[in-house]
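**Student:** The file below is query29.cif, mmCIF, C-alpha atoms and all ligand atoms:
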```
data_data
loop_
_atom_site.label_atom_id
_atom_site.label_comp_id
_atom_site.auth_asym_id
_atom_site.auth_seq_id
_atom_site.Cartn_x
_atom_site.Cartn_y
_atom_site.Cartn_z
CA MET A 21 18.00 -2.75 24.47
CA VAL A 22 17.39 0.65 22.92
CA SER A 23 15.05 1.24 20.03
CA HIS A 24 13.61 4.33 18.44
CA ASN A 25 10.44 5.88 17.18
CA VAL A 26 11.07 7.72 13.91
CA VAL A 27 9.21 11.01 13.49
CA GLY A 28 8.77 13.40 10.60
CA GLU A 29 6.48 16.36 10.37
CA LEU A 30 5.15 19.02 8.05
CA PRO A 31 4.48 22.12 10.15
CA GLY A 32 1.02 23.63 9.78
CA THR A 33 0.75 27.05 8.14
CA LYS A 34 -1.74 28.49 10.60
CA HIS A 35 -2.06 26.25 13.66
CA PRO A 36 1.30 24.50 13.95
CA ALA A 37 0.73 23.50 17.58
CA GLU A 38 -2.25 21.40 16.51
CA ARG A 39 -1.31 18.13 14.88
CA VAL A 40 -2.70 15.09 13.15
CA ILE A 41 -0.48 12.05 13.72
CA TYR A 42 -0.26 9.10 11.37
CA THR A 43 1.42 6.02 12.83
CA ALA A 44 2.56 2.57 11.75
CA HIS A 45 4.82 0.27 13.74
CA TRP A 46 8.13 -0.52 12.05
CA ASP A 47 9.24 -3.44 14.21
CA HIS A 48 8.44 -7.09 13.75
CA LEU A 49 9.74 -10.25 15.45
CA GLY A 50 13.36 -10.35 14.21
CA VAL A 51 15.16 -13.69 14.09
CA GLY A 52 13.51 -16.62 15.80
CA LEU A 53 12.57 -20.25 15.64
CA PRO A 54 12.87 -21.72 12.14
CA ASP A 55 9.79 -22.75 10.20
CA ALA A 56 9.46 -26.06 8.30
CA LYS A 57 11.72 -24.69 5.55
CA GLY A 58 14.42 -23.64 8.02
CA ASP A 59 13.67 -19.94 7.55
CA ARG A 60 14.41 -18.00 10.75
CA ILE A 61 13.88 -14.47 9.47
CA TYR A 62 10.60 -12.96 10.52
CA ASN A 63 10.25 -10.35 7.80
CA GLY A 64 6.90 -8.92 8.74
CA ALA A 65 6.17 -7.84 5.19
CA VAL A 66 2.46 -7.34 5.78
CA ASP A 67 2.87 -6.82 9.54
CA ASN A 68 3.96 -4.11 9.26
CA ALA A 69 6.29 -3.14 6.41
CA SER A 70 3.13 -2.59 4.38
CA GLY A 71 1.85 -0.09 6.94
CA VAL A 72 5.20 1.69 7.05
CA SER A 73 5.33 1.94 3.26
CA GLY A 74 1.87 3.52 3.43
CA LEU A 75 3.09 5.97 6.08
CA ILE A 76 6.00 6.99 3.85
CA GLU A 77 3.73 7.42 0.84
CA LEU A 78 1.33 9.56 2.87
CA ALA A 79 4.26 11.75 3.91
CA ARG A 80 5.41 11.98 0.30
CA ALA A 81 1.92 12.96 -0.88
CA PHE A 82 1.51 15.62 1.83
CA ALA A 83 4.99 16.99 1.12
CA HIS A 84 4.02 17.54 -2.54
CA SER A 85 0.70 19.23 -1.77
CA PRO A 86 -0.24 22.64 -0.38
CA ARG A 87 0.70 22.60 3.29
CA PRO A 88 -2.34 22.23 5.62
CA GLN A 89 -3.11 24.70 8.40
CA ARG A 90 -2.40 22.19 11.13
CA THR A 91 0.80 20.18 11.46
CA VAL A 92 0.82 16.68 10.03
CA GLN A 93 3.12 14.25 11.82
CA PHE A 94 4.29 10.87 10.50
CA MET A 95 5.61 8.45 13.06
CA ALA A 96 6.98 4.94 12.66
CA VAL A 97 6.74 3.54 16.17
CA THR A 98 8.88 0.75 17.53
CA ALA A 99 8.25 -2.36 19.62
CA GLU A 100 4.55 -2.77 18.89
CA GLU A 101 5.00 -6.52 18.93
CA LYS A 102 6.53 -6.30 22.42
CA GLY A 103 3.35 -4.68 23.72
CA LEU A 104 2.86 -1.28 22.03
CA LEU A 105 6.01 0.02 23.73
CA GLY A 106 7.01 2.67 21.18
CA SER A 107 3.58 4.25 20.93
CA GLU A 108 3.14 4.01 24.71
CA TYR A 109 6.44 5.83 25.14
CA TYR A 110 5.41 8.58 22.76
CA ALA A 111 1.96 8.95 24.31
CA THR A 112 3.47 9.35 27.77
CA ASN A 113 6.48 11.44 26.60
CA PRO A 114 5.00 13.34 23.65
CA LEU A 115 7.11 15.75 21.61
CA TYR A 116 4.17 18.15 21.59
CA PRO A 117 1.19 18.40 23.95
CA LEU A 118 -1.44 15.74 23.42
CA ALA A 119 -4.11 18.26 24.42
CA THR A 120 -3.74 19.83 20.99
CA THR A 121 -3.01 16.60 19.15
CA VAL A 122 -6.11 16.39 17.00
CA ALA A 123 -6.16 12.70 16.17
CA ASN A 124 -4.11 9.58 15.59
CA ILE A 125 -4.67 7.54 12.44
CA ASN A 126 -2.89 4.19 12.67
CA THR A 127 -2.36 1.41 10.16
CA ASP A 128 -1.19 -2.08 11.03
CA GLY A 129 -1.17 -4.18 7.88
CA GLY A 130 -2.01 -2.94 4.39
CA ALA A 131 -4.29 -4.43 1.74
CA VAL A 132 -2.23 -6.77 -0.44
CA ASN A 133 -5.12 -8.73 -1.96
CA GLY A 134 -6.53 -6.05 -4.21
CA PRO A 135 -9.21 -3.42 -3.77
CA ALA A 136 -12.16 -3.90 -1.43
CA LYS A 137 -15.62 -2.38 -1.59
CA ASP A 138 -15.57 -1.68 2.14
CA ILE A 139 -13.32 -0.29 4.85
CA SER A 140 -13.05 -1.14 8.52
CA VAL A 141 -11.30 -0.39 11.80
CA SER A 142 -10.00 -2.46 14.70
CA GLY A 143 -12.61 -2.56 17.45
CA ASP A 144 -15.12 0.19 18.11
CA GLY A 145 -13.86 2.96 20.31
CA GLY A 146 -17.03 5.07 19.99
CA LEU A 147 -15.66 8.30 18.57
CA THR A 148 -16.52 10.89 15.94
CA LEU A 149 -13.20 10.24 14.18
CA GLN A 150 -14.67 6.91 13.08
CA ASP A 151 -17.70 8.79 11.71
CA ASP A 152 -15.32 11.10 9.83
CA LEU A 153 -13.60 8.06 8.32
CA ILE A 154 -16.96 6.57 7.30
CA LYS A 155 -17.91 9.85 5.61
CA VAL A 156 -14.65 10.10 3.67
CA GLY A 157 -14.89 6.41 2.75
CA LYS A 158 -18.34 7.04 1.30
CA GLN A 159 -16.94 9.85 -0.86
CA HIS A 160 -14.54 7.25 -2.24
CA GLY A 161 -17.38 4.82 -2.96
CA ARG A 162 -16.59 2.55 -0.03
CA TYR A 163 -18.99 1.35 2.63
CA PHE A 164 -18.07 0.75 6.26
CA THR A 165 -18.04 -2.66 7.90
CA PRO A 166 -17.72 -2.52 11.69
CA ASP A 167 -15.27 -4.84 13.43
CA ALA A 168 -17.22 -8.11 13.49
CA ARG A 169 -15.90 -9.03 16.91
CA PRO A 170 -15.14 -5.90 18.95
CA GLU A 171 -15.26 -8.10 22.06
CA ALA A 172 -12.05 -9.76 20.78
CA GLY A 173 -10.32 -6.55 21.86
CA GLY A 174 -9.03 -5.30 18.50
CA PHE A 175 -9.24 -1.75 19.79
CA PHE A 176 -6.69 -2.53 22.49
CA ARG A 177 -4.17 -4.31 20.33
CA SER A 178 -2.52 -1.75 18.13
CA ASP A 179 -0.69 1.51 18.58
CA HIS A 180 -3.69 3.82 18.38
CA PHE A 181 -4.69 2.42 21.79
CA SER A 182 -1.68 4.12 23.40
CA PHE A 183 -3.05 7.46 22.20
CA ALA A 184 -6.62 6.61 23.18
CA LYS A 185 -5.55 5.86 26.75
CA GLN A 186 -4.26 9.43 26.98
CA GLY A 187 -7.52 10.73 25.54
CA VAL A 188 -6.39 11.43 21.96
CA PRO A 189 -9.08 10.37 19.45
CA ALA A 190 -7.47 7.43 17.65
CA ILE A 191 -8.36 4.71 15.19
CA SER A 192 -6.61 1.83 13.50
CA PHE A 193 -7.73 1.58 9.90
CA HIS A 194 -7.91 -1.55 7.85
CA SER A 195 -9.21 -2.43 4.47
CA GLY A 196 -12.48 -4.34 4.12
CA MET A 197 -13.09 -8.02 3.39
CA ASP A 198 -15.51 -7.43 0.54
CA LEU A 199 -13.05 -7.68 -2.33
CA VAL A 200 -13.94 -6.22 -5.72
CA ASN A 201 -12.79 -9.56 -7.13
CA GLY A 202 -14.60 -12.35 -5.30
CA GLY A 203 -16.49 -10.48 -2.60
CA VAL A 204 -16.57 -11.36 1.08
CA ALA A 205 -15.96 -15.08 0.46
CA ALA A 206 -12.64 -14.37 -1.28
CA GLY A 207 -11.64 -11.73 1.26
CA ARG A 208 -12.36 -14.00 4.18
CA ALA A 209 -10.51 -16.94 2.59
CA LYS A 210 -7.43 -14.77 2.00
CA ALA A 211 -7.53 -13.36 5.52
CA GLU A 212 -7.83 -16.84 7.01
CA ALA A 213 -4.97 -18.14 4.86
CA TYR A 214 -2.80 -15.22 5.98
CA THR A 215 -3.54 -15.84 9.66
CA ARG A 216 -2.89 -19.56 9.28
CA ASP A 217 0.18 -19.57 7.02
CA ARG A 218 1.95 -16.24 7.42
CA TYR A 219 0.90 -14.14 10.42
CA HIS A 220 3.82 -13.87 12.89
CA GLN A 221 5.69 -16.53 10.91
CA PRO A 222 8.80 -16.33 8.70
CA ALA A 223 6.43 -16.67 5.70
CA ASP A 224 5.14 -13.12 6.17
CA GLU A 225 7.30 -12.19 3.18
CA PHE A 226 6.97 -10.01 0.13
CA ASP A 227 5.00 -11.76 -2.60
CA PRO A 228 5.35 -10.53 -6.20
CA ASN A 229 1.74 -11.61 -6.78
CA TRP A 230 0.34 -9.04 -4.41
CA ASP A 231 -2.12 -6.56 -5.83
CA LEU A 232 -1.33 -3.27 -4.11
CA SER A 233 -3.96 -1.23 -5.94
CA GLY A 234 -6.29 -1.67 -2.95
CA MET A 235 -3.68 -0.21 -0.65
CA ALA A 236 -3.31 2.80 -2.92
CA GLN A 237 -7.08 3.34 -2.76
CA ASP A 238 -7.09 2.95 1.02
CA LEU A 239 -4.28 5.45 1.43
CA SER A 240 -6.11 8.07 -0.57
CA ILE A 241 -8.96 7.76 1.96
CA LEU A 242 -6.55 8.14 4.88
CA TYR A 243 -4.93 11.07 3.13
CA ASP A 244 -8.26 12.85 2.71
CA LEU A 245 -9.26 12.09 6.29
CA GLY A 246 -6.05 13.58 7.66
CA GLU A 247 -6.05 16.52 5.28
CA ASP A 248 -9.67 17.41 6.07
CA LEU A 249 -8.83 17.41 9.78
CA ALA A 250 -5.63 19.36 9.24
CA ASN A 251 -7.55 22.08 7.35
CA SER A 252 -10.48 22.29 9.74
CA ARG A 253 -11.15 23.60 13.22
CA GLU A 254 -12.71 20.27 14.10
CA TRP A 255 -11.66 18.42 17.23
CA PRO A 256 -12.87 14.84 17.01
CA THR A 257 -14.37 13.63 20.27
CA TRP A 258 -15.15 10.46 22.15
CA LYS A 259 -18.81 9.70 22.39
CA GLN A 260 -20.84 9.49 25.57
CA GLY A 261 -20.04 6.23 27.34
CA SER A 262 -16.52 5.87 25.93
CA GLU A 263 -13.93 4.97 28.54
CA PHE A 264 -11.47 7.40 26.92
CA LYS A 265 -13.72 10.48 27.09
CA ALA A 266 -12.81 11.56 30.62
CA ALA A 267 -9.08 11.75 29.82
CA ARG A 268 -9.78 14.01 26.84
CA ASP A 269 -12.28 16.20 28.69
CA LYS A 270 -9.63 17.11 31.27
CA THR A 271 -7.74 19.17 28.69
CA ALA A 272 -10.78 20.71 26.96
CA ALA A 273 -9.67 24.24 27.85
CA ALA A 274 -6.58 23.86 25.63
CA ARG A 275 -8.79 23.35 22.57
CA LYS A 276 -10.85 26.54 22.64
ZN ZN B 301 1.34 -5.35 13.54
#
```
Take the structure in the file and write it out as structure tokens.

**Tutor:**
Amino acid sequence: MVSHNVVGELPGTKHPAERVIYTAHWDHLGVGLPDAKGDRIYNGAVDNASGVSGLIELARAFAHSPRPQRTVQFMAVTAEEKGLLGSEYYATNPLYPLATTVANINTDGGAVNGPAKDISVSGDGGLTLQDDLIKVGKQHGRYFTPDARPEAGGFFRSDHFSFAKQGVPAISFHSGMDLVNGGVAAGRAKAEAYTRDRYHQPADEFDPNWDLSGMAQDLSILYDLGEDLANSREWPTWKQGSEFKAARDKTAAARK
């Protein structure tokens, strides 16, 4: 079977060889075993049509703004659910050198339950890009909640991991649990209900009752994070002790 990653880019005005890459996987599970209602279509509305819609909106927003100095790349990667295959392919056959790929900002699942007071990431990779996200989040009035169970391996289970393995600073963003309406209790209840009733099931479908205002707020944070990087000379780095640091250090000369 052949499948494709879909890539768009806005070339940087001053440092086009240096790029910030946003990713979201476009695949889901296809047609499979029916659920109790006989539904066999695995829509993947949250996982990850929501992330892809965010990717497209980020591209639209960047396209309508003054072009940053570095290139901004938008990539919908395929076959995440088959084991990160699309992102792995890109990271091992990149269109442009990874040595001067500044960062990867990934989203896998958008906020459909309304705005949260906090933001989070999958796992803890130990990198300054996460600090940059925390700083931008603060400017947007959001606090940072670390992954409650990094030992569950969240860092290794979405497409940013394919970039991290090759040394590119990479994070997978997600919205927080502390909902403006109902706090952590409501956020946790909704997350648990999603995992139980919808995640990787035909019921992961569009719901007209979703409140997408939280996703809009989240995307403005990711926009600012990417734009700040694309207009800076900053190269995010892995911190001491990170297993991904050595791979990045090998190409340090390319980032002078
Ligand atoms: Zn996913």

**Student:** Please measure the separation of CA of Ala69 in chain A and CA of His84 in chain A, giving the value in Å to one decimal.

**Tutor:** 22.6 Å

**Student:** Counting all atoms listed in the file, which residue out of A:Ser182, A:Asn201, A:Thr127, A:Thr91 sits closest to ligand ZN 301 (chain B)?

**Tutor:**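 Ranked by minimum distance to ligand ZN 301 (chain B), first place goes to A:Thr127.
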
**Student:** Using all atoms listed in the file, tabulate the residues of chain A lying at most 6 Å from any atom of ligand ZN 301 (chain B), each with its closest atom pair and that distance in Å to one decimal, by chain and increasing residue number, as a tab-separated table.

**Tutor:**
```
residue	atom	partner	partner_atom	distance
A:Asp67	CA	B:ZN301	ZN	4.5
A:Asn68	CA	B:ZN301	ZN	5.2
A:Asp128	CA	B:ZN301	ZN	4.8
```

**Student:** Show me a table, sorted first by chain and then by increasing residue number, of the residues of range 197-267 of chain A having an atom at most 12 Å from range 165-171 of chain A, each with its shortest atom pair and the distance in Å to one decimal, counting all atoms listed in the file and written as JSON lines.

**Tutor:**
```
{"residue": "A:Met197", "atom": "CA", "partner": "A:Thr165", "partner_atom": "CA", "distance": 8.6}
{"residue": "A:Asp198", "atom": "CA", "partner": "A:Thr165", "partner_atom": "CA", "distance": 9.1}
{"residue": "A:Val204", "atom": "CA", "partner": "A:Thr165", "partner_atom": "CA", "distance": 11.2}
```

**Student:** Find the spatial neighbours of Asp248 in chain A, counting all atoms listed in the file, within a cut-off of 10 Å - ignore same-chain residues fewer than 6 positions away - and output them as JSON, numbers by chain.

**Tutor:** {"A": [88, 152, 156, 242, 254]}

**Student:** Could you tell me which of A:Gln89, A:Ser73, A:Thr98, A:Ser23 comes closest to Arg253 in chain A if we count only C-alpha atoms?

**Tutor:** A:Gln89

**Student:** Using all atoms listed in the file, find the one residue out of A:Glu101, A:Glu212, A:Glu247, A:Asp59 that sits nearest to Leu78 in chain A.

**Tutor:**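 Among A:Glu101, A:Glu212, A:Glu247, A:Asp59, it is A:Glu247 that comes nearest to Leu78 in chain A.
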
**Student:** For Tyr219 in chain A, which of A:Ala65, A:Val200, A:Leu115, A:Leu30 is the closest residue, counting only C-alpha atoms?

**Tutor:**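 Ranked by minimum distance to Tyr219 in chain A, first place goes to A:Ala65.
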
**Student:** Could you tell me how far CA of Ala37 in chain A sits from CA of Gly103 in chain A, in Å to one decimal place?

**Tutor:**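 Calculated distance between CA of Gly103 in chain A and CA of Ala37 in chain A is 29.0 Å.
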
**Student:** What's the 9 Å shell around Ser195 in chain A, counting all atoms listed in the file, without same-chain residues fewer than 4 positions away, as a ChimeraX atom specification?

**Tutor:** /A:129-131,135-141,234-235,238

**Student:** Using only C-alpha atoms, which residue out of A:Ala56, A:Val72, A:Val27, A:Leu118 lies closest to Thr271 in chain A?

**Tutor:**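 Among the listed residues, A:Leu118 lies closest to Thr271 in chain A.
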